[in-house]
$ cat entry.pdb   # PDB, C-alpha atoms, pLDDT in the B column
ATOM      1  CA  MET H   1      55.497 -86.903 110.114  1.00 44.00           C
ATOM      2  CA  LYS H   2      52.817 -86.907 107.432  1.00 49.00           C
ATOM      3  CA  ARG H   3      53.983 -86.739 103.797  1.00 50.00           C
ATOM      4  CA  ALA H   4      52.782 -83.870 101.659  1.00 53.00           C
ATOM      5  CA  ALA H   5      50.172 -84.676  99.043  1.00 58.00           C
ATOM      6  CA  ARG H   6      51.574 -85.309  95.596  1.00 66.00           C
ATOM      7  CA  PRO H   7      51.057 -82.538  93.077  1.00 68.00           C
ATOM      8  CA  PRO H   8      48.320 -83.201  90.520  1.00 72.00           C
ATOM      9  CA  THR H   9      50.756 -83.223  87.613  1.00 73.00           C
ATOM     10  CA  ASN H  10      53.976 -84.758  86.319  1.00 86.00           C
ATOM     11  CA  LEU H  11      56.560 -82.420  87.897  1.00 88.00           C
ATOM     12  CA  PRO H  12      59.569 -83.493  85.789  1.00 89.00           C
ATOM     13  CA  SER H  13      57.601 -82.899  82.580  1.00 90.00           C
ATOM     14  CA  LEU H  14      56.328 -79.531  83.793  1.00 92.00           C
ATOM     15  CA  THR H  15      59.810 -78.539  84.961  1.00 93.00           C
ATOM     16  CA  ASP H  16      61.380 -79.394  81.597  1.00 94.00           C
ATOM     17  CA  CYS H  17      58.799 -77.341  79.741  1.00 95.00           C
ATOM     18  CA  LEU H  18      59.157 -74.364  82.078  1.00 95.00           C
ATOM     19  CA  LYS H  19      62.961 -74.475  81.728  1.00 97.00           C
ATOM     20  CA  VAL H  20      62.579 -74.163  77.962  1.00 97.00           C
ATOM     21  CA  LEU H  21      60.187 -71.235  78.341  1.00 97.00           C
ATOM     22  CA  ALA H  22      62.352 -69.530  80.976  1.00 97.00           C
ATOM     23  CA  ASP H  23      64.571 -68.194  78.202  1.00 98.00           C
ATOM     24  CA  PRO H  24      63.281 -64.738  77.158  1.00 97.00           C
ATOM     25  CA  THR H  25      64.090 -65.322  73.474  1.00 98.00           C
ATOM     26  CA  ARG H  26      62.179 -68.604  73.354  1.00 98.00           C
ATOM     27  CA  LEU H  27      59.260 -67.021  75.155  1.00 97.00           C
ATOM     28  CA  ALA H  28      59.292 -64.166  72.611  1.00 98.00           C
ATOM     29  CA  ILE H  29      59.357 -66.689  69.748  1.00 98.00           C
ATOM     30  CA  LEU H  30      56.411 -68.562  71.230  1.00 98.00           C
ATOM     31  CA  ASP H  31      54.580 -65.266  71.614  1.00 97.00           C
ATOM     32  CA  LEU H  32      55.075 -64.481  67.922  1.00 98.00           C
ATOM     33  CA  LEU H  33      53.966 -67.994  66.975  1.00 98.00           C
ATOM     34  CA  MET H  34      50.751 -67.407  68.916  1.00 97.00           C
ATOM     35  CA  GLU H  35      49.923 -64.956  66.088  1.00 97.00           C
ATOM     36  CA  GLY H  36      50.011 -67.858  63.639  1.00 97.00           C
ATOM     37  CA  VAL H  37      52.397 -69.789  61.399  1.00 97.00           C
ATOM     38  CA  GLN H  38      55.731 -68.016  60.838  1.00 96.00           C
ATOM     39  CA  CYS H  39      58.961 -68.627  58.960  1.00 94.00           C
ATOM     40  CA  ASN H  40      62.285 -68.213  60.728  1.00 92.00           C
ATOM     41  CA  CYS H  41      63.216 -65.151  58.668  1.00 93.00           C
ATOM     42  CA  TYR H  42      60.122 -63.319  59.963  1.00 96.00           C
ATOM     43  CA  LEU H  43      60.934 -64.347  63.534  1.00 97.00           C
ATOM     44  CA  GLY H  44      64.526 -63.172  63.114  1.00 96.00           C
ATOM     45  CA  ASP H  45      63.434 -59.818  61.674  1.00 96.00           C
ATOM     46  CA  ARG H  46      60.873 -59.210  64.419  1.00 97.00           C
ATOM     47  CA  LEU H  47      63.299 -60.100  67.210  1.00 97.00           C
ATOM     48  CA  GLY H  48      66.429 -58.624  65.633  1.00 97.00           C
ATOM     49  CA  LEU H  49      68.293 -61.932  65.831  1.00 96.00           C
ATOM     50  CA  THR H  50      70.459 -63.824  63.363  1.00 96.00           C
ATOM     51  CA  MET H  51      69.074 -66.883  61.598  1.00 94.00           C
ATOM     52  CA  ASN H  52      71.446 -69.290  63.356  1.00 95.00           C
ATOM     53  CA  LEU H  53      70.296 -68.016  66.758  1.00 97.00           C
ATOM     54  CA  ILE H  54      66.626 -68.235  65.787  1.00 97.00           C
ATOM     55  CA  SER H  55      67.242 -71.763  64.462  1.00 95.00           C
ATOM     56  CA  HIS H  56      68.880 -72.781  67.736  1.00 97.00           C
ATOM     57  CA  HIS H  57      65.938 -71.556  69.813  1.00 98.00           C
ATOM     58  CA  LEU H  58      63.404 -73.133  67.441  1.00 97.00           C
ATOM     59  CA  LYS H  59      65.254 -76.441  67.764  1.00 97.00           C
ATOM     60  CA  VAL H  60      64.973 -76.284  71.566  1.00 98.00           C
ATOM     61  CA  LEU H  61      61.257 -75.447  71.295  1.00 98.00           C
ATOM     62  CA  ARG H  62      60.742 -78.334  68.842  1.00 97.00           C
ATOM     63  CA  GLU H  63      62.594 -80.784  71.098  1.00 97.00           C
ATOM     64  CA  ALA H  64      60.271 -79.740  73.938  1.00 97.00           C
ATOM     65  CA  ASN H  65      57.379 -80.448  71.567  1.00 97.00           C
ATOM     66  CA  LEU H  66      56.099 -76.886  71.972  1.00 98.00           C
ATOM     67  CA  VAL H  67      56.556 -76.017  68.311  1.00 98.00           C
ATOM     68  CA  ASP H  68      55.698 -77.881  65.111  1.00 98.00           C
ATOM     69  CA  VAL H  69      57.556 -77.428  61.836  1.00 96.00           C
ATOM     70  CA  GLU H  70      56.398 -77.981  58.283  1.00 96.00           C
ATOM     71  CA  ARG H  71      58.408 -77.727  55.068  1.00 94.00           C
ATOM     72  CA  ASP H  72      57.064 -75.777  52.134  1.00 91.00           C
ATOM     73  CA  PRO H  73      55.676 -78.267  49.571  1.00 92.00           C
ATOM     74  CA  LEU H  74      57.121 -76.279  46.635  1.00 92.00           C
ATOM     75  CA  ASP H  75      60.530 -75.414  48.085  1.00 92.00           C
ATOM     76  CA  ALA H  76      61.694 -77.642  50.936  1.00 88.00           C
ATOM     77  CA  ARG H  77      64.304 -75.069  51.972  1.00 89.00           C
ATOM     78  CA  TRP H  78      61.491 -73.015  53.512  1.00 91.00           C
ATOM     79  CA  MET H  79      60.227 -74.144  56.883  1.00 94.00           C
ATOM     80  CA  TYR H  80      57.186 -72.839  58.709  1.00 97.00           C
ATOM     81  CA  TYR H  81      56.741 -72.981  62.459  1.00 97.00           C
ATOM     82  CA  SER H  82      53.592 -73.081  64.542  1.00 98.00           C
ATOM     83  CA  VAL H  83      52.559 -73.699  68.130  1.00 98.00           C
ATOM     84  CA  ASN H  84      51.851 -77.330  68.976  1.00 98.00           C
ATOM     85  CA  GLN H  85      48.320 -76.753  70.213  1.00 97.00           C
ATOM     86  CA  LYS H  86      48.028 -80.162  71.860  1.00 97.00           C
ATOM     87  CA  LYS H  87      51.185 -79.570  73.919  1.00 96.00           C
ATOM     88  CA  LEU H  88      50.048 -76.032  74.734  1.00 96.00           C
ATOM     89  CA  ALA H  89      46.720 -77.353  76.052  1.00 96.00           C
ATOM     90  CA  GLU H  90      48.581 -79.977  78.099  1.00 94.00           C
ATOM     91  CA  LEU H  91      50.909 -77.338  79.568  1.00 95.00           C
ATOM     92  CA  ARG H  92      47.997 -75.068  80.377  1.00 95.00           C
ATOM     93  CA  GLU H  93      46.191 -77.937  82.121  1.00 93.00           C
ATOM     94  CA  GLN H  94      49.305 -78.888  84.100  1.00 92.00           C
ATOM     95  CA  LEU H  95      49.912 -75.309  85.237  1.00 92.00           C
ATOM     96  CA  SER H  96      46.280 -74.820  86.111  1.00 92.00           C
ATOM     97  CA  ALA H  97      46.232 -77.981  88.220  1.00 90.00           C
ATOM     98  CA  PHE H  98      49.541 -77.184  89.897  1.00 90.00           C
ATOM     99  CA  LEU H  99      48.630 -73.557  90.688  1.00 90.00           C
ATOM    100  CA  ASP H 100      45.053 -74.283  91.767  1.00 90.00           C
ATOM    101  CA  PRO H 101      44.380 -72.262  94.953  1.00 90.00           C
ATOM    102  CA  GLN H 102      42.171 -75.115  96.174  1.00 88.00           C
ATOM    103  CA  ARG H 103      45.370 -77.093  96.776  1.00 86.00           C
ATOM    104  CA  ILE H 104      46.396 -74.697  99.570  1.00 85.00           C
ATOM    105  CA  GLN H 105      45.392 -76.261 102.859  1.00 84.00           C
ATOM    106  CA  PRO H 106      45.385 -74.729 106.336  1.00 86.00           C
ATOM    107  CA  ARG H 107      48.243 -76.172 108.295  1.00 79.00           C
ATOM    108  CA  LEU H 108      50.024 -75.598 111.581  1.00 79.00           C
ATOM    109  CA  PRO H 109      53.819 -75.748 111.618  1.00 80.00           C
ATOM    110  CA  VAL H 110      55.329 -78.953 112.954  1.00 82.00           C
ATOM    111  CA  CYS H 111      58.712 -77.485 113.808  1.00 85.00           C
ATOM    112  CA  GLY H 112      60.193 -74.429 115.483  1.00 80.00           C
ATOM    113  CA  PRO H 113      60.112 -73.172 119.064  1.00 79.00           C
ATOM    114  CA  GLN H 114      56.351 -73.607 119.518  1.00 74.00           C
ATOM    115  CA  PHE H 115      56.428 -77.200 118.326  1.00 71.00           C
ATOM    116  CA  VAL H 116      59.566 -78.114 120.262  1.00 64.00           C
ATOM    117  CA  GLY H 117      57.953 -76.884 123.489  1.00 58.00           C
ATOM    118  CA  ALA H 118      54.743 -78.738 122.777  1.00 55.00           C
ATOM    119  CA  GLU H 119      56.668 -81.888 121.889  1.00 54.00           C
ATOM    120  CA  SER H 120      58.672 -81.697 125.131  1.00 53.00           C
ATOM    121  CA  ALA H 121      55.482 -81.349 127.127  1.00 52.00           C
ATOM    122  CA  ARG H 122      54.004 -84.388 125.396  1.00 53.00           C
ATOM    123  CA  VAL H 123      57.149 -86.456 126.024  1.00 52.00           C
ATOM    124  CA  THR H 124      57.354 -85.541 129.758  1.00 53.00           C
ATOM    125  CA  SER H 125      53.640 -86.171 130.345  1.00 51.00           C
ATOM    126  CA  ARG H 126      53.938 -89.807 129.264  1.00 53.00           C
TER     127      ARG H 126
END
$ encode --input "entry.pdb" --output "structure tokens"
Amino acid sequence: MKRAARPPTNLPSLTDCLKVLADPTRLAILDLLMEGVQCNCYLGDRLGLTMNLISHHLKVLREANLVDVERDPLDARWMYYSVNQKKLAELREQLSAFLDPQRIQPRLPVCGPQFVGAESARVTSR
């Protein structure tokens, strides 16, 4: 049996990123960050979530390299979050390559009743 063609992307990397974004809260945070740099208090207010919950989700997004953080130069207690544009471009490229309709190839099934009958006929004709 012929092996399927390998996908044009790093599946484990894409899977990890999609798992992070599968959480509705993290997706909502990323959506707000698409508007520009935000502090966690703004994110918490907009989403109606406590600071510790926002911080948890921001940590997961940072660990996935989807979000960058920068401390305020005047008061280091303030942190500002933004989308990691390089990672976003990489994710977009990976998804585009993986979901490219050109990858879909016409193919006949190689199993099931039709195949079994055809296989039997080939075996007996030898």
$ resolve_selection --input "entry.pdb" --expression "the PyMOL selection byres ((chain H and resi 63-75) around 12)" --output "JSON, numbers by chain"
{"H": [13, 14, 15, 16, 17, 18, 19, 20, 21, 26, 27, 29, 30, 31, 32, 33, 34, 36, 37, 38, 39, 40, 55, 56, 57, 58, 59, 60, 61, 62, 76, 77, 78, 79, 80, 81, 82, 83, 84, 85, 86, 87, 88, 89, 90, 91, 92]}
$ residues_around --input "entry.pdb" --residues "H:Leu99" --least-positions-apart "4" --cutoff "12 Å" --atoms "all atoms listed in the file" --output "ChimeraX atom specification"
/H:7-9,14,91-95,103-104
$ atom_distance --input "entry.pdb" --atom1 "atom CA of H:Asp23" --atom2 "atom CA of H:Ser96"
21.0 Å
$ atom_distance --input "entry.pdb" --atom1 "atom CA of H:Thr50" --atom2 "atom CA of H:Pro24"
15.6 Å
